[in-house]
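Chemist: Below is structure_7.cif; it holds mmCIF, C-alpha atoms; chains and numbers go by the auth columns.
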data_entry
loop_
_atom_site.group_PDB
_atom_site.id
_atom_site.type_symbol
_atom_site.label_atom_id
_atom_site.label_comp_id
_atom_site.label_asym_id
_atom_site.label_seq_id
_atom_site.Cartn_x
_atom_site.Cartn_y
_atom_site.Cartn_z
_atom_site.B_iso_or_equiv
_atom_site.auth_seq_id
_atom_site.auth_asym_id
ATOM 1 C CA MET A 1 -44.056 -66.111 -5.243 0.00 1 A
ATOM 2 C CA LYS A 2 -44.976 -62.611 -6.283 0.00 2 A
ATOM 3 C CA LYS A 3 -46.374 -61.890 -2.801 0.00 3 A
ATOM 4 C CA SER A 4 -43.245 -63.142 -1.038 0.00 4 A
ATOM 5 C CA PHE A 5 -41.014 -61.086 -3.394 0.00 5 A
ATOM 6 C CA THR A 6 -43.095 -57.984 -2.627 0.00 6 A
ATOM 7 C CA LEU A 7 -42.902 -58.744 1.115 0.00 7 A
ATOM 8 C CA TYR A 8 -39.107 -59.219 0.970 0.00 8 A
ATOM 9 C CA ALA A 9 -38.710 -56.044 -1.081 0.00 9 A
ATOM 10 C CA PHE A 10 -40.869 -54.116 1.372 0.00 10 A
ATOM 11 C CA ILE A 11 -38.890 -55.428 4.391 0.00 11 A
ATOM 12 C CA LEU A 12 -35.600 -54.621 2.608 0.00 12 A
ATOM 13 C CA LEU A 13 -36.772 -51.054 1.821 0.00 13 A
ATOM 14 C CA VAL A 14 -37.878 -50.527 5.447 0.00 14 A
ATOM 15 C CA LEU A 15 -34.478 -51.744 6.712 0.00 15 A
ATOM 16 C CA ILE A 16 -32.629 -49.522 4.239 0.00 16 A
ATOM 17 C CA ASN A 17 -34.710 -46.539 5.379 0.00 17 A
ATOM 18 C CA ILE A 18 -34.052 -47.315 9.071 0.00 18 A
ATOM 19 C CA PHE A 19 -30.297 -47.657 8.494 0.00 19 A
ATOM 20 C CA THR A 20 -30.232 -44.482 6.376 0.00 20 A
ATOM 21 C CA TYR A 21 -32.156 -42.554 9.046 0.00 21 A
ATOM 22 C CA MET A 22 -29.824 -43.773 11.812 0.00 22 A
ATOM 23 C CA PHE A 23 -26.729 -42.981 9.765 0.00 23 A
ATOM 24 C CA LEU A 24 -27.867 -39.471 8.866 0.00 24 A
ATOM 25 C CA SER A 25 -29.042 -38.626 12.402 0.00 25 A
ATOM 26 C CA LYS A 26 -25.706 -39.761 13.904 0.00 26 A
ATOM 27 C CA GLU A 27 -23.808 -37.916 11.188 0.00 27 A
ATOM 28 C CA VAL A 28 -25.599 -34.669 12.110 0.00 28 A
ATOM 29 C CA LYS A 29 -24.731 -35.162 15.800 0.00 29 A
ATOM 30 C CA PHE A 30 -21.131 -35.970 14.875 0.00 30 A
ATOM 31 C CA GLU A 31 -20.858 -32.824 12.727 0.00 31 A
ATOM 32 C CA GLN A 32 -22.400 -30.688 15.489 0.00 32 A
ATOM 33 C CA ASN A 33 -19.888 -32.067 18.009 0.00 33 A
ATOM 34 C CA ARG A 34 -17.003 -31.459 15.621 0.00 34 A
ATOM 35 C CA TYR A 35 -18.242 -27.900 14.971 0.00 35 A
ATOM 36 C CA GLU A 36 -18.477 -27.168 18.709 0.00 36 A
ATOM 37 C CA LYS A 37 -14.975 -28.555 19.370 0.00 37 A
ATOM 38 C CA THR A 38 -13.498 -26.574 16.476 0.00 38 A
ATOM 39 C CA THR A 39 -15.278 -23.390 17.584 0.00 39 A
ATOM 40 C CA LYS A 40 -14.009 -23.819 21.157 0.00 40 A
ATOM 41 C CA LYS A 41 -10.465 -24.415 19.897 0.00 41 A
ATOM 42 C CA LEU A 42 -10.628 -21.316 17.684 0.00 42 A
ATOM 43 C CA ARG A 43 -11.975 -19.165 20.547 0.00 43 A
ATOM 44 C CA ASP A 44 -9.140 -20.386 22.777 0.00 44 A
ATOM 45 C CA SER A 45 -6.616 -19.592 20.032 0.00 45 A
ATOM 46 C CA VAL A 46 -8.040 -16.099 19.554 0.00 46 A
ATOM 47 C CA ALA A 47 -7.964 -15.469 23.313 0.00 47 A
ATOM 48 C CA LEU A 48 -4.354 -16.682 23.452 0.00 48 A
ATOM 49 C CA MET A 49 -3.353 -14.411 20.559 0.00 49 A
ATOM 50 C CA ILE A 50 -5.094 -11.439 22.179 0.00 50 A
ATOM 51 C CA ASN A 51 -3.167 -12.077 25.406 0.00 51 A
ATOM 52 C CA LYS A 52 0.107 -12.337 23.466 0.00 52 A
ATOM 53 C CA LEU A 53 -0.677 -9.062 21.694 0.00 53 A
ATOM 54 C CA ILE A 54 -1.422 -7.366 25.006 0.00 54 A
ATOM 55 C CA ASP A 55 1.878 -8.650 26.414 0.00 55 A
ATOM 56 C CA ALA A 56 3.774 -7.554 23.297 0.00 56 A
ATOM 57 C CA ASN A 57 2.311 -4.048 23.522 0.00 57 A
ATOM 58 C CA TYR A 58 2.924 -3.678 27.247 0.00 58 A
ATOM 59 C CA PHE A 59 5.811 -1.297 26.558 0.00 59 A
ATOM 60 C CA SER A 60 4.089 1.200 24.297 0.00 60 A
ATOM 61 C CA LEU A 61 2.775 4.710 24.675 0.00 61 A
ATOM 62 C CA GLU A 62 -0.671 3.523 23.600 0.00 62 A
ATOM 63 C CA ASN A 63 -0.955 1.306 26.702 0.00 63 A
ATOM 64 C CA ASN A 64 1.061 3.280 29.253 0.00 64 A
ATOM 65 C CA GLU A 65 -1.338 5.527 31.151 0.00 65 A
ATOM 66 C CA ASN A 66 1.420 7.160 33.202 0.00 66 A
ATOM 67 C CA ALA A 67 3.268 8.187 30.040 0.00 67 A
ATOM 68 C CA GLN A 68 0.018 9.441 28.510 0.00 68 A
ATOM 69 C CA ASN A 69 -0.629 11.541 31.610 0.00 69 A
ATOM 70 C CA TYR A 70 2.736 13.221 31.105 0.00 70 A
ATOM 71 C CA PHE A 71 1.264 15.011 28.093 0.00 71 A
ATOM 72 C CA ASP A 72 -1.993 15.847 29.925 0.00 72 A
ATOM 73 C CA SER A 73 -0.502 16.969 33.230 0.00 73 A
ATOM 74 C CA ALA A 74 -1.230 20.355 34.769 0.00 74 A
ATOM 75 C CA ILE A 75 2.539 20.992 34.931 0.00 75 A
ATOM 76 C CA ALA A 76 2.821 21.018 31.153 0.00 76 A
ATOM 77 C CA ASN A 77 1.919 24.274 29.440 0.00 77 A
ATOM 78 C CA LYS A 78 -0.076 22.532 26.742 0.00 78 A
ATOM 79 C CA THR A 79 -1.907 19.288 26.228 0.00 79 A
ATOM 80 C CA ILE A 80 -0.730 16.937 23.472 0.00 80 A
ATOM 81 C CA ALA A 81 -2.866 14.049 22.279 0.00 81 A
ATOM 82 C CA TYR A 82 -0.604 10.995 22.329 0.00 82 A
ATOM 83 C CA GLU A 83 -2.654 9.395 19.530 0.00 83 A
ATOM 84 C CA LYS A 84 -1.532 12.222 17.235 0.00 84 A
ATOM 85 C CA LEU A 85 1.983 12.426 18.700 0.00 85 A
ATOM 86 C CA ILE A 86 3.006 8.848 17.861 0.00 86 A
ATOM 87 C CA PRO A 87 2.592 9.191 14.065 0.00 87 A
ATOM 88 C CA VAL A 88 4.229 12.650 14.129 0.00 88 A
ATOM 89 C CA VAL A 89 7.279 11.395 16.040 0.00 89 A
ATOM 90 C CA THR A 90 7.551 8.337 13.790 0.00 90 A
ATOM 91 C CA GLU A 91 7.243 10.434 10.631 0.00 91 A
ATOM 92 C CA LYS A 92 9.853 12.984 11.802 0.00 92 A
ATOM 93 C CA LEU A 93 12.315 10.190 12.550 0.00 93 A
ATOM 94 C CA MET A 94 11.663 8.398 9.255 0.00 94 A
ATOM 95 C CA ASP A 95 11.999 11.681 7.307 0.00 95 A
ATOM 96 C CA LEU A 96 15.624 11.819 8.457 0.00 96 A
ATOM 97 C CA ASN A 97 16.288 8.729 6.285 0.00 97 A
ATOM 98 C CA ALA A 98 16.490 11.106 3.302 0.00 98 A
ATOM 99 C CA ASN A 99 19.807 12.447 4.597 0.00 99 A
ATOM 100 C CA PRO A 100 22.548 11.574 2.031 0.00 100 A
ATOM 101 C CA LYS A 101 24.753 10.082 4.770 0.00 101 A
ATOM 102 C CA GLY A 102 21.888 8.110 6.292 0.00 102 A
ATOM 103 C CA ASN A 103 19.730 8.712 9.315 0.00 103 A
ATOM 104 C CA PRO A 104 21.858 10.569 11.899 0.00 104 A
ATOM 105 C CA TYR A 105 19.994 8.910 14.785 0.00 105 A
ATOM 106 C CA VAL A 106 21.017 5.307 14.123 0.00 106 A
ATOM 107 C CA GLY A 107 24.172 5.863 16.148 0.00 107 A
ATOM 108 C CA GLN A 108 26.377 4.410 13.383 0.00 108 A
ATOM 109 C CA ASP A 109 28.476 6.032 10.712 0.00 109 A
ATOM 110 C CA GLN A 110 28.085 4.779 7.155 0.00 110 A
ATOM 111 C CA ILE A 111 30.270 1.666 6.799 0.00 111 A
ATOM 112 C CA GLY A 112 29.868 0.536 3.201 0.00 112 A
ATOM 113 C CA ALA A 113 28.386 1.980 0.056 0.00 113 A
ATOM 114 C CA ASN A 114 24.859 2.021 1.502 0.00 114 A
ATOM 115 C CA LYS A 115 23.630 4.398 4.182 0.00 115 A
ATOM 116 C CA PHE A 116 21.901 3.297 7.392 0.00 116 A
ATOM 117 C CA VAL A 117 18.170 4.024 7.452 0.00 117 A
ATOM 118 C CA ILE A 118 15.524 3.358 10.068 0.00 118 A
ATOM 119 C CA ASN A 119 12.982 0.702 9.077 0.00 119 A
ATOM 120 C CA LYS A 120 10.670 0.342 12.080 0.00 120 A
ATOM 121 C CA VAL A 121 9.903 2.587 15.016 0.00 121 A
ATOM 122 C CA LYS A 122 8.089 1.889 18.282 0.00 122 A
ATOM 123 C CA VAL A 123 7.326 4.690 20.735 0.00 123 A
ATOM 124 C CA LEU A 124 7.761 3.062 24.143 0.00 124 A
ATOM 125 C CA ASN A 125 6.649 5.901 26.403 0.00 125 A
ATOM 126 C CA HIS A 126 6.739 9.691 26.732 0.00 126 A
ATOM 127 C CA ARG A 127 10.537 9.734 26.439 0.00 127 A
ATOM 128 C CA TRP A 128 11.931 6.626 24.665 0.00 128 A
ATOM 129 C CA ILE A 129 11.789 5.124 21.200 0.00 129 A
ATOM 130 C CA ILE A 130 13.233 1.843 19.958 0.00 130 A
ATOM 131 C CA ALA A 131 14.004 1.584 16.260 0.00 131 A
ATOM 132 C CA ASP A 132 15.329 -1.011 13.827 0.00 132 A
ATOM 133 C CA TYR A 133 17.797 0.141 11.161 0.00 133 A
ATOM 134 C CA SER A 134 19.836 -1.358 8.328 0.00 134 A
ATOM 135 C CA ASP A 135 21.928 -0.598 5.278 0.00 135 A
ATOM 136 C CA GLY A 136 20.663 -3.635 3.384 0.00 136 A
ATOM 137 C CA LYS A 137 23.492 -5.884 4.611 0.00 137 A
ATOM 138 C CA MET A 138 23.919 -5.001 8.270 0.00 138 A
ATOM 139 C CA TRP A 139 21.162 -4.620 10.835 0.00 139 A
ATOM 140 C CA GLY A 140 20.920 -2.955 14.187 0.00 140 A
ATOM 141 C CA GLU A 141 18.694 -1.400 16.813 0.00 141 A
ATOM 142 C CA VAL A 142 18.842 1.948 18.519 0.00 142 A
ATOM 143 C CA LEU A 143 17.303 3.307 21.707 0.00 143 A
ATOM 144 C CA LEU A 144 16.470 7.006 21.389 0.00 144 A
ATOM 145 C CA LYS A 145 15.250 9.745 23.684 0.00 145 A
ATOM 146 C CA TYR A 146 12.795 12.162 22.146 0.00 146 A
ATOM 147 C CA PHE A 147 11.632 15.540 23.337 0.00 147 A
ATOM 148 C CA VAL A 148 8.663 17.688 22.358 0.00 148 A
ATOM 149 C CA ASN A 149 10.014 21.234 22.416 0.00 149 A
ATOM 150 C CA GLU A 150 8.107 24.410 23.296 0.00 150 A
ATOM 151 C CA ASP A 151 7.604 25.201 19.609 0.00 151 A
ATOM 152 C CA GLU A 152 6.151 21.662 19.186 0.00 152 A
ATOM 153 C CA SER A 153 9.171 20.510 17.205 0.00 153 A
ATOM 154 C CA ILE A 154 10.600 17.075 17.998 0.00 154 A
ATOM 155 C CA SER A 155 14.241 16.512 18.905 0.00 155 A
ATOM 156 C CA PHE A 156 16.016 13.184 19.270 0.00 156 A
ATOM 157 C CA GLU A 157 19.045 11.921 21.172 0.00 157 A
ATOM 158 C CA VAL A 158 20.770 8.538 20.757 0.00 158 A
ATOM 159 C CA MET A 159 20.938 6.663 24.063 0.00 159 A
ATOM 160 C CA GLN A 160 22.366 3.350 22.854 0.00 160 A
ATOM 161 C CA SER A 161 22.955 1.769 19.470 0.00 161 A
ATOM 162 C CA LEU A 162 23.627 -1.864 18.658 0.00 162 A
ATOM 163 C CA LEU A 163 24.883 -3.223 15.329 0.00 163 A
ATOM 164 C CA TYR A 164 24.525 -6.955 14.842 0.00 164 A
ATOM 165 C CA ALA A 165 27.440 -8.977 13.464 0.00 165 A
ATOM 166 C CA GLN A 166 27.048 -10.212 9.893 0.00 166 A
#
Would you write out, as structure tokens, the structure that this file holds?

Modeler:
Amino acid sequence: MKKSFTLYAFILLVLINIFTYMFLSKEVKFEQNRYEKTTKKLRDSVALMINKLIDANYFSLENNENAQNYFDSAIANKTIAYEKLIPVVTEKLMDLNANPKGNPYVGQDQIGANKFVINKVKVLNHRWIIADYSDGKMWGEVLLKYFVNEDESISFEVMQSLLYAQ
């Protein structure tokens, strides 16, 4: 009886080991497959987001070689690095928010108690800027022309302004 119990116990342990080995080896393959699928999905998502970002930045001075060449052309008396120009133009426009009557380049007069100030600025090319403005209750967008003068000062001109209904 003791021999048969030992034999049954041995057979049972061998079967448990075989089933455990099979389970663990298939689990590793399953996890590897799941990892590969997830990695592929994430790479596709990253590629899609990169393409969306490229499309979103299509109209920007950073990606417009023709507009960049405007500042490097032989016709111009001096060369301006567009990488340095963008923050300077943005800062000059945002500095005008300190005006007590609001930023004069939003294209709107002060309506309520709050003044209109520019929140976001995007330099589209060597001549145009689009900006978002608000007074805290009303929002709008403005299309501006900008010019780099001979003395390297920046001047602005409102092309079109749009105030959204409340």

Chemist: Which residue out of A:Val106, A:Ala56, A:Met22, A:Leu96 has the minimum interatomic distance to Trp139 of chain A when only C-alpha atoms are used?

Modeler: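 For Trp139 of chain A, the nearest of the candidates is A:Val106.
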
Chemist: Please report the interatomic distance between atom CA of Phe30 of chain A and atom CA of Ile18 of chain A in Å with one decimal.

Modeler: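 Atom CA of Ile18 of chain A lies 18.1 Å from atom CA of Phe30 of chain A.
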
Chemist: When you draw a straight line from atom CA of Gly112 of chain A to atom CA of Phe156 of chain A, how long is it in Å?

Modeler: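 Going from atom CA of Gly112 of chain A over to atom CA of Phe156 of chain A covers 24.7 Å.
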
Chemist: So the first atom is atom CA of Val88 of chain A and the second is atom CA of Met49 of chain A; what is the distance between them in Å, to one decimal place?

Modeler: 28.8 Å

Chemist: From the list A:Tyr82, A:Ala9, A:Val117, A:Ile154, which residue is nearest Asn66 of chain A when using only C-alpha atoms?

Modeler: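 Counting only C-alpha atoms, the residue closest to Asn66 of chain A is A:Tyr82.
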
Chemist: Translate the PyMOL selection byres ((chain A and resi 64) around 12) into a concrete residue list for this structure, as a list in words.

Modeler: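 Selection result, ordered by chain and number: Ile54, Asn57, Tyr58, Phe59, Ser60, Leu61, Glu62, Asn63, Glu65, Asn66, Ala67, Gln68, Asn69, Tyr70, Phe71, Tyr82, Val123, Leu124, Asn125, His126 and Arg127 of chain A.
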
Chemist: Under the rule that all atoms listed in the file are counted, which of A:Leu53, A:Ile86, A:Val14, A:Ile118 is the nearest residue to Asp132 of chain A?

Modeler: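 The closest residue to Asp132 of chain A is A:Ile118.
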
Chemist: Specify as an NGL selection string each residue included when the PyMOL selection byres ((chain A and resi 93) around 12) is applied to this file.

Modeler: :A and (86-92 or 94-99 or 102-106 or 117-123 or 129-133 or 144-146 or 153-158)

Chemist: Please determine, counting all atoms listed in the file, which residue among A:Thr38, A:Ser45, A:Gln166, A:Asn17 has the shortest atom-to-atom distance to Ser134 of chain A.

Modeler: A:Gln166

Chemist: Using all atoms listed in the file, can you tell me which of A:Leu85, A:Asp151, A:Lys29, A:Leu162 comes closest to Met138 of chain A?

Modeler: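 Residue with the minimum atom-to-atom distance to Met138 of chain A: A:Leu162.
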